[in-house]
$ cat target_1.cif   # mmCIF, C-alpha atoms
data_model
loop_
_atom_site.label_atom_id
_atom_site.label_comp_id
_atom_site.auth_asym_id
_atom_site.auth_seq_id
_atom_site.Cartn_x
_atom_site.Cartn_y
_atom_site.Cartn_z
CA MET A 47 57.90 40.72 -94.26
CA ALA A 48 58.28 40.26 -90.50
CA LEU A 49 56.21 37.07 -90.64
CA ALA A 50 58.34 35.76 -93.52
CA ILE A 51 61.54 36.39 -91.57
CA ILE A 52 60.10 34.59 -88.52
CA ALA A 53 59.09 31.62 -90.69
CA VAL A 54 62.58 31.38 -92.15
CA LEU A 55 64.12 31.49 -88.67
CA ILE A 56 61.79 28.71 -87.47
CA VAL A 57 62.63 26.49 -90.43
CA GLY A 58 66.32 27.15 -89.92
CA ALA A 59 66.04 26.25 -86.24
CA VAL A 60 64.29 22.97 -87.08
CA LEU A 61 66.94 22.08 -89.67
CA PHE A 62 69.70 22.97 -87.24
CA THR A 63 68.13 20.74 -84.60
CA VAL A 64 67.99 17.82 -87.04
CA VAL A 65 71.59 18.30 -88.13
CA ARG A 66 72.75 18.50 -84.51
CA ASP A 67 70.95 15.30 -83.51
CA PRO A 68 73.63 13.51 -81.47
CA THR A 69 75.37 10.42 -82.78
CA PRO A 70 74.21 7.28 -80.91
CA PRO A 71 76.62 6.36 -78.09
CA ALA A 72 78.65 3.17 -77.80
CA THR A 73 75.60 1.32 -76.48
CA ALA A 74 74.01 1.57 -79.92
CA SER A 75 76.95 0.65 -82.14
CA THR A 76 78.32 -2.82 -82.82
CA THR A 77 81.74 -3.73 -81.48
CA GLY A 78 82.56 -5.52 -84.74
CA GLY A 79 82.55 -9.00 -83.22
CA VAL A 80 85.38 -8.33 -80.75
CA VAL A 81 85.51 -7.66 -77.02
CA LEU A 82 86.30 -4.02 -76.29
CA PRO A 83 89.39 -3.16 -74.28
CA VAL A 84 88.57 -2.27 -70.68
CA SER A 85 89.42 1.38 -71.36
CA GLN A 86 86.67 1.59 -74.02
CA ARG A 87 83.88 -0.07 -72.04
CA THR A 88 80.99 2.04 -70.76
CA GLU A 89 78.68 1.46 -67.82
CA ALA A 90 75.49 -0.30 -68.91
CA PRO A 91 72.12 1.30 -68.16
CA ASP A 92 70.13 -0.52 -65.49
CA PHE A 93 66.74 -2.14 -66.08
CA THR A 94 64.10 0.57 -65.91
CA GLY A 95 60.33 0.79 -66.29
CA ILE A 96 59.97 -3.00 -66.17
CA ASP A 97 56.34 -4.21 -65.94
CA GLY A 98 57.20 -7.59 -64.47
CA TRP A 99 59.70 -10.45 -64.43
CA LEU A 100 59.46 -14.05 -65.61
CA ASN A 101 61.67 -16.90 -64.39
CA SER A 102 63.14 -14.59 -61.74
CA THR A 103 62.51 -12.14 -58.96
CA PRO A 104 63.19 -8.50 -60.02
CA LEU A 105 66.84 -7.93 -60.87
CA THR A 106 69.20 -4.97 -61.02
CA LEU A 107 72.67 -4.82 -62.51
CA ALA A 108 73.99 -4.43 -58.97
CA ASP A 109 72.47 -7.85 -58.19
CA LEU A 110 74.40 -9.30 -61.14
CA ARG A 111 77.76 -7.69 -60.38
CA GLY A 112 80.51 -10.30 -60.60
CA LYS A 113 78.78 -12.22 -63.41
CA VAL A 114 79.07 -11.97 -67.19
CA VAL A 115 75.61 -10.85 -68.34
CA LEU A 116 74.10 -11.10 -71.82
CA ILE A 117 71.25 -8.60 -72.26
CA ASP A 118 69.07 -9.96 -75.09
CA PHE A 119 66.51 -7.53 -76.52
CA TRP A 120 63.79 -9.57 -78.22
CA THR A 121 60.07 -9.90 -78.88
CA PHE A 122 58.19 -13.14 -79.36
CA SER A 123 56.63 -12.56 -82.80
CA CYS A 124 60.00 -11.62 -84.35
CA VAL A 125 61.27 -14.59 -86.35
CA ASN A 126 64.85 -13.30 -86.16
CA CYS A 127 64.59 -13.30 -82.36
CA VAL A 128 63.02 -16.76 -82.25
CA ARG A 129 65.80 -18.18 -84.43
CA THR A 130 68.44 -16.99 -81.94
CA ILE A 131 66.87 -18.88 -79.03
CA PRO A 132 68.50 -22.30 -79.75
CA HIS A 133 71.92 -20.61 -79.72
CA LEU A 134 71.13 -18.75 -76.50
CA LYS A 135 70.03 -22.02 -74.88
CA ILE A 136 73.41 -23.59 -75.63
CA LEU A 137 75.27 -20.58 -74.23
CA TYR A 138 73.11 -20.50 -71.12
CA ASN A 139 73.29 -24.22 -70.38
CA ASP A 140 77.03 -24.47 -70.98
CA TYR A 141 78.12 -21.34 -69.09
CA LYS A 142 75.52 -20.65 -66.39
CA SER A 143 77.46 -22.65 -63.80
CA ARG A 144 80.58 -20.59 -64.55
CA GLY A 145 79.24 -17.14 -63.71
CA PHE A 146 77.17 -16.39 -66.82
CA VAL A 147 73.55 -15.25 -66.99
CA ILE A 148 71.21 -14.17 -69.77
CA VAL A 149 68.53 -11.56 -69.16
CA GLY A 150 65.96 -11.35 -71.91
CA VAL A 151 64.44 -7.89 -72.21
CA HIS A 152 61.12 -8.38 -73.97
CA SER A 153 60.49 -5.08 -75.80
CA PRO A 154 57.34 -5.36 -77.98
CA GLU A 155 56.82 -4.37 -81.60
CA PHE A 156 53.02 -4.82 -81.55
CA ASP A 157 50.41 -4.05 -78.91
CA PHE A 158 49.51 -7.71 -78.34
CA GLU A 159 53.12 -8.29 -77.28
CA LYS A 160 52.62 -5.83 -74.40
CA VAL A 161 50.20 -8.18 -72.62
CA PRO A 162 52.14 -9.94 -69.81
CA ALA A 163 50.09 -13.14 -70.17
CA ASN A 164 51.00 -13.34 -73.87
CA VAL A 165 54.69 -12.89 -73.05
CA ALA A 166 54.52 -15.53 -70.31
CA ALA A 167 52.84 -18.01 -72.67
CA ALA A 168 55.49 -17.38 -75.33
CA VAL A 169 58.34 -17.83 -72.85
CA THR A 170 56.89 -21.22 -71.88
CA ARG A 171 56.15 -22.21 -75.48
CA LEU A 172 59.66 -21.31 -76.67
CA GLY A 173 61.40 -22.98 -73.73
CA VAL A 174 63.09 -19.82 -72.43
CA THR A 175 64.35 -20.59 -68.92
CA TRP A 176 66.52 -17.54 -68.14
CA PRO A 177 65.17 -14.35 -66.51
CA VAL A 178 62.94 -12.22 -68.74
CA ALA A 179 62.14 -8.56 -68.04
CA ILE A 180 58.84 -7.36 -69.52
CA ASP A 181 59.75 -3.99 -71.04
CA SER A 182 56.30 -3.13 -72.47
CA GLN A 183 56.82 0.64 -72.34
CA MET A 184 60.25 0.29 -74.00
CA ASP A 185 61.94 2.16 -71.15
CA THR A 186 64.95 -0.15 -70.94
CA TRP A 187 65.10 -0.32 -74.76
CA ASN A 188 65.29 3.48 -74.80
CA ALA A 189 67.85 3.59 -71.99
CA TYR A 190 70.17 1.56 -74.23
CA GLN A 191 69.14 3.60 -77.28
CA ASN A 192 68.57 0.26 -78.94
CA GLU A 193 67.15 0.04 -82.47
CA TYR A 194 67.16 -3.66 -83.31
CA TRP A 195 65.45 -7.01 -82.71
CA PRO A 196 67.35 -9.03 -81.66
CA ALA A 197 70.18 -7.12 -80.02
CA GLU A 198 72.83 -8.53 -77.71
CA TYR A 199 74.71 -6.46 -75.14
CA LEU A 200 77.36 -8.43 -73.27
CA LEU A 201 78.42 -6.98 -69.92
CA ASP A 202 81.60 -7.79 -68.04
CA GLN A 203 81.74 -8.62 -64.33
CA GLN A 204 81.78 -4.89 -63.47
CA GLY A 205 78.57 -4.15 -65.41
CA ARG A 206 80.29 -2.52 -68.38
CA ILE A 207 79.36 -3.12 -72.03
CA ALA A 208 82.17 -5.20 -73.49
CA TYR A 209 80.59 -6.50 -76.71
CA THR A 210 77.47 -5.95 -78.85
CA SER A 211 75.84 -7.78 -81.73
CA PHE A 212 72.72 -6.72 -83.66
CA GLY A 213 70.46 -8.99 -85.68
CA GLU A 214 70.82 -12.69 -86.34
CA GLY A 215 74.20 -14.35 -86.61
CA ASP A 216 77.53 -13.58 -84.96
CA TYR A 217 76.95 -16.74 -82.91
CA THR A 218 80.56 -17.86 -83.00
CA GLN A 219 81.78 -14.35 -82.13
CA THR A 220 79.30 -14.05 -79.27
CA ASP A 221 80.29 -17.44 -77.91
CA ALA A 222 83.97 -16.47 -78.09
CA ALA A 223 83.24 -13.16 -76.32
CA VAL A 224 81.44 -14.92 -73.46
CA ALA A 225 84.25 -17.46 -73.13
CA GLN A 226 86.89 -14.70 -73.15
CA LEU A 227 85.19 -12.75 -70.37
CA LEU A 228 84.73 -15.93 -68.31
CA ASN A 229 88.27 -17.12 -69.16
CA VAL A 230 86.99 -20.57 -70.18
CA HIS A 231 86.98 -22.69 -73.34
CA GLU A 232 84.28 -22.02 -75.92
CA ALA A 233 81.19 -24.25 -76.12
CA PRO A 234 80.32 -25.69 -79.55
CA LEU A 235 77.49 -23.91 -81.32
CA PRO A 236 75.31 -25.14 -84.20
CA ALA A 237 76.12 -23.62 -87.57
CA SER A 238 73.79 -20.90 -88.85
CA THR A 239 72.49 -20.71 -92.40
CA PRO A 240 72.69 -17.22 -93.93
CA VAL A 241 69.54 -15.80 -95.54
CA PRO A 242 70.04 -15.17 -99.31
CA ASP A 243 70.28 -11.52 -100.33
CA ASN A 244 67.32 -11.76 -102.75
CA THR A 245 64.90 -12.98 -100.07
CA THR A 246 61.68 -10.94 -99.86
CA PRO A 247 61.99 -8.40 -97.02
CA GLU A 248 59.57 -8.28 -94.10
CA LEU A 249 56.22 -6.87 -95.26
CA TYR A 250 53.75 -5.10 -92.99
CA ALA A 251 49.99 -5.21 -93.60
CA GLY A 252 48.62 -2.26 -91.58
CA SER A 253 48.88 1.35 -92.74
CA GLU A 254 51.46 2.34 -90.10
CA ARG A 255 54.22 0.71 -92.14
CA GLY A 256 52.52 -1.25 -94.92
CA GLN A 257 51.82 -0.79 -98.61
CA LEU A 258 49.27 -2.88 -100.53
CA ALA A 259 49.60 -4.47 -103.96
CA ASP A 260 47.55 -3.34 -106.99
CA ASN A 261 48.11 0.32 -105.96
CA GLU A 262 45.29 -0.14 -103.46
CA ALA A 263 44.82 2.57 -100.83
CA TYR A 264 44.03 1.96 -97.18
CA GLY A 265 40.58 2.95 -95.97
CA THR A 266 39.88 5.29 -93.11
CA MET A 267 41.30 3.90 -89.88
CA GLY A 268 38.69 1.75 -88.15
CA VAL A 269 36.23 1.84 -91.07
CA PRO A 270 35.63 -1.28 -93.24
CA GLN A 271 36.92 -1.01 -96.82
CA LYS A 272 36.02 -3.36 -99.67
CA TYR A 273 38.76 -4.66 -101.98
CA LEU A 274 37.80 -6.30 -105.28
CA ASP A 275 39.42 -9.53 -106.44
CA PRO A 276 41.43 -8.89 -109.63
CA GLY A 277 43.11 -12.30 -109.41
CA PRO A 278 46.69 -13.05 -108.36
CA PRO A 279 48.74 -9.86 -108.03
CA PRO A 280 51.30 -9.00 -110.71
CA ASP A 281 53.32 -7.14 -108.06
CA GLN A 282 56.19 -8.91 -106.34
CA ASN A 283 56.90 -8.44 -102.63
CA ALA A 284 53.57 -6.67 -101.98
CA ILE A 285 50.56 -7.97 -100.02
CA GLN A 286 47.21 -8.22 -101.81
CA VAL A 287 43.94 -8.47 -99.88
CA THR A 288 40.45 -9.14 -101.24
CA GLY A 289 37.09 -8.86 -99.52
CA THR A 290 36.26 -6.36 -96.78
CA TRP A 291 39.01 -5.30 -94.39
CA THR A 292 39.44 -2.74 -91.62
CA ASP A 293 42.77 -0.99 -91.17
CA GLU A 294 43.83 -0.82 -87.52
CA GLY A 295 47.25 0.72 -88.13
CA GLN A 296 49.39 -2.16 -86.87
CA TYR A 297 47.27 -4.77 -88.68
CA LEU A 298 44.43 -5.39 -91.11
CA GLN A 299 41.35 -7.30 -89.88
CA ALA A 300 39.05 -9.19 -92.26
CA ASP A 301 35.37 -8.31 -92.01
CA SER A 302 34.38 -11.02 -94.49
CA THR A 303 35.83 -14.11 -96.07
CA GLY A 304 38.66 -13.03 -98.32
CA HIS A 305 42.12 -13.70 -99.62
CA VAL A 306 45.65 -12.66 -98.68
CA ARG A 307 48.07 -13.18 -101.55
CA LEU A 308 51.74 -12.51 -102.11
CA ASN A 309 54.38 -13.17 -104.75
CA PHE A 310 57.55 -13.86 -102.74
CA THR A 311 60.98 -15.40 -103.01
CA ALA A 312 62.22 -17.21 -99.90
CA ASP A 313 62.97 -20.66 -98.57
CA THR A 314 60.72 -20.19 -95.54
CA VAL A 315 57.58 -18.09 -94.99
CA TYR A 316 56.21 -16.91 -91.64
CA ILE A 317 53.17 -14.80 -90.84
CA VAL A 318 52.37 -12.76 -87.75
CA ALA A 319 48.62 -13.16 -87.45
CA GLY A 320 45.91 -13.14 -84.85
CA THR A 321 42.28 -13.38 -83.86
CA PRO A 322 39.96 -11.21 -81.75
CA GLY A 323 39.05 -14.31 -79.74
CA ALA A 324 37.54 -17.15 -81.74
CA THR A 325 39.66 -19.91 -83.25
CA LEU A 326 39.92 -19.21 -86.98
CA PRO A 327 40.71 -21.75 -89.72
CA VAL A 328 42.87 -20.54 -92.62
CA SER A 329 43.60 -22.52 -95.78
CA VAL A 330 46.83 -22.03 -97.74
CA LYS A 331 47.80 -22.68 -101.36
CA LEU A 332 51.23 -22.53 -102.93
CA ASP A 333 51.31 -21.66 -106.63
CA GLY A 334 47.60 -22.44 -106.92
CA LYS A 335 47.82 -25.92 -105.38
CA SER A 336 47.67 -27.56 -101.99
CA VAL A 337 50.94 -27.21 -100.10
CA PRO A 338 53.08 -30.37 -100.42
CA THR A 339 54.02 -32.02 -97.15
CA GLY A 340 57.67 -31.28 -97.83
CA ASN A 341 56.94 -27.55 -98.05
CA SER A 342 54.60 -27.34 -95.04
CA GLY A 343 55.80 -25.19 -92.18
CA SER A 344 55.39 -26.19 -88.54
CA ALA A 345 52.01 -24.43 -88.28
CA LEU A 346 50.54 -26.10 -91.37
CA THR A 347 48.60 -29.38 -91.53
CA ASN A 348 46.94 -30.47 -94.77
CA SER A 349 47.36 -26.98 -96.25
CA ALA A 350 45.60 -25.30 -93.33
CA PHE A 351 46.35 -23.80 -89.93
CA MET A 352 44.32 -22.64 -86.94
CA VAL A 353 44.77 -19.15 -85.57
CA THR A 354 44.18 -19.32 -81.84
CA ARG A 355 46.19 -16.30 -80.65
CA GLN A 356 48.27 -13.36 -81.87
CA ASP A 357 51.60 -14.94 -82.76
CA LEU A 358 54.21 -15.93 -85.32
CA PHE A 359 53.25 -18.94 -87.50
CA GLN A 360 55.56 -20.81 -89.90
CA LEU A 361 53.58 -21.52 -93.09
CA LEU A 362 56.14 -22.76 -95.64
CA SER A 363 59.59 -24.33 -95.61
CA GLY A 364 62.02 -25.63 -98.21
CA VAL A 365 60.52 -23.62 -101.08
CA SER A 366 62.56 -23.69 -104.29
CA SER A 367 64.31 -20.59 -105.62
CA GLY A 368 62.43 -18.01 -107.67
CA TYR A 369 59.12 -16.26 -107.09
CA HIS A 370 56.11 -18.21 -105.81
CA LEU A 371 52.53 -17.29 -104.99
CA ILE A 372 51.11 -17.93 -101.54
CA ASP A 373 47.32 -17.61 -101.26
CA LEU A 374 45.50 -17.61 -97.91
CA THR A 375 41.71 -17.95 -97.70
CA VAL A 376 40.77 -16.26 -94.43
CA PRO A 377 37.54 -15.86 -92.46
CA ALA A 378 36.09 -12.74 -90.87
CA GLY A 379 38.08 -11.76 -87.78
CA PHE A 380 41.46 -12.80 -89.17
CA ARG A 381 44.21 -10.29 -88.41
CA ILE A 382 47.42 -9.97 -90.42
CA TYR A 383 50.36 -7.98 -89.08
CA THR A 384 53.35 -9.04 -91.22
CA PHE A 385 54.88 -11.62 -93.50
CA THR A 386 58.48 -12.47 -92.64
CA PHE A 387 60.90 -14.74 -94.47
CA GLY A 388 63.98 -16.89 -94.08
#

$ encode --input "target_1.cif" --output "structure tokens"
Amino acid sequence: MALAIIAVLIVGAVLFTVVRDPTPPATASTTGGVVLPVSQRTEAPDFTGIDGWLNSTPLTLADLRGKVVLIDFWTFSCVNCVRTIPHLKILYNDYKSRGFVIVGVHSPEFDFEKVPANVAAAVTRLGVTWPVAIDSQMDTWNAYQNEYWPAEYLLDQQGRIAYTSFGEGDYTQTDAAVAQLLNVHEAPLPASTPVPDNTTPELYAGSERGQLADNEAYGTMGVPQKYLDPGPPPDQNAIQVTGTWTDEGQYLQADSTGHVRLNFTADTVYIVAGTPGATLPVSVKLDGKSVPTGNSGSALTNSAFMVTRQDLFQLLSGVSSGYHLIDLTVPAGFRIYTFTFG
């Protein structure tokens, strides 16, 4: 009886702790597209636990006092983050001479994004010219209690959070907020195209967050598992793999030639994929045929692409509405992390 009472008290304490979990502070809630009144602004956390800086010497918020600062949380294999970069370039180029600076805080989703050389290569490849803090341990991310890629925190000249925006979009509102804090006219921004509501959501391949088609189970972590080829999957929005694969948690790695298939609905298809070192050729079919030139993404040439690093690759573009089947033939060593869509 005494043990039962103790067990009940422990469970009650756990439940009480969960219920009392504090509500995220202002740094983790959107400002609804408007600049907060001065009385409602809170001091921004400083950069902390940074592993290195790109395009700049190490910075603190004290160094930036007197400027309007846009803190951009991003990671280079996140398609939503990559799609914000053209808009950030316009803001930076138009306002940097007027007391405006962007600081990109690169907070990784996958382990390969923690490697400083990979971040540096991505910054160069994407044409990011503003300061970038390498936040591989997520210390600055946690200081802001941030939960999103991308996330924008706009600070006023006194280092207080005056505006926030999470996810893609809000470009016009962000531009207006920057202009308001600088007391200048707004710069013109390119229009953004909203993603349709029925677009396939991001799909993860590894067991940490993924689920396979055909009711297939993941094998023991680190141990090769063979998957038979039943033909194209009847499931929609679920990844099918065939051949022998090893689950590494964040990704699946092929141990033999095999297929990756998916029934999806989206205009544009991206994959986060990688290689343990060797350059790997991957062929792609759309609805059982070679990919037409008009539907080939930037990574695709003649229905194939080369995987030379761990990164985001655009496979398809301009796909018609409705469900379609993408079929990748992959060699041993190929790693798949996610499919993402636009």

$ residues_around --input "target_1.cif" --residues "range 357-360 of chain A" --least-positions-apart "3" --cutoff "7 Å" --atoms "all atoms listed in the file" --output "list in words"
Ser123, Val315, Tyr316, Ile317, Val318, Ala319, Gly320, Gly343, Ser344 and Ala345 of chain A

$ residues_around --input "target_1.cif" --residues "Phe146 in chain A" --least-positions-apart "4" --cutoff "6 Å" --atoms "all atoms listed in the file" --output "ChimeraX atom specification"
/A:113-115,141-142

$ residues_around --input "target_1.cif" --residues "Asp97 in chain A" --least-positions-apart "5" --cutoff "8 Å" --atoms "all atoms listed in the file" --output "JSON, numbers by chain"
{"A": [179, 180, 181, 182]}

$ closest_residue --input "target_1.cif" --among "A:Leu116, A:Val149, A:Ala350, A:Ala284" --to "Val224 in chain A" --atoms "all atoms listed in the file"
A:Leu116

$ resolve_selection --input "target_1.cif" --expression "the PyMOL selection byres ((chain A and resi 347) around 12)" --output "list in words"
Pro327, Val328, Ser329, Val330, Lys331, Ser336, Val337, Pro338, Thr339, Gly340, Asn341, Ser342, Gly343, Ser344, Ala345, Leu346, Asn348, Ser349, Ala350, Phe351, Met352, Gln360, Leu361 and Leu362 of chain A

$ atom_distance --input "target_1.cif" --atom1 "CA of Gly368 in chain A" --atom2 "CA of Glu214 in chain A"
23.5 Å

$ closest_residue --input "target_1.cif" --among "A:Asp216, A:Asp157, A:Asp293, A:Asp92" --to "Pro104 in chain A" --atoms "all atoms listed in the file"
A:Asp92

$ resolve_selection --input "target_1.cif" --expression "the PyMOL selection byres ((chain A and resi 197) around 8)" --output "number ranges by chain"
A: 117-120, 192, 194-196, 198-199, 210-213

$ atom_distance --input "target_1.cif" --atom1 "CA of Leu172 in chain A" --atom2 "CA of Gln299 in chain A"
26.6 Å

$ resolve_selection --input "target_1.cif" --expression "the PyMOL selection byres ((chain A and resi 241) around 9)" --output "PDB file with C-alpha atoms, in the frame of the given file"
ATOM      1  CA  THR A 239      72.490 -20.710 -92.400  1.00  0.00           C
ATOM      2  CA  PRO A 240      72.690 -17.220 -93.930  1.00  0.00           C
ATOM      3  CA  PRO A 242      70.040 -15.170 -99.310  1.00  0.00           C
ATOM      4  CA  ASP A 243      70.280 -11.520-100.330  1.00  0.00           C
ATOM      5  CA  ASN A 244      67.320 -11.760-102.750  1.00  0.00           C
ATOM      6  CA  THR A 245      64.900 -12.980-100.070  1.00  0.00           C
ATOM      7  CA  ALA A 312      62.220 -17.210 -99.900  1.00  0.00           C
ATOM      8  CA  ASP A 313      62.970 -20.660 -98.570  1.00  0.00           C
ATOM      9  CA  PHE A 387      60.900 -14.740 -94.470  1.00  0.00           C
ATOM     10  CA  GLY A 388      63.980 -16.890 -94.080  1.00  0.00           C
TER      11      GLY A 388
END

$ atom_distance --input "target_1.cif" --atom1 "CA of Tyr138 in chain A" --atom2 "CA of Ala166 in chain A"
19.3 Å
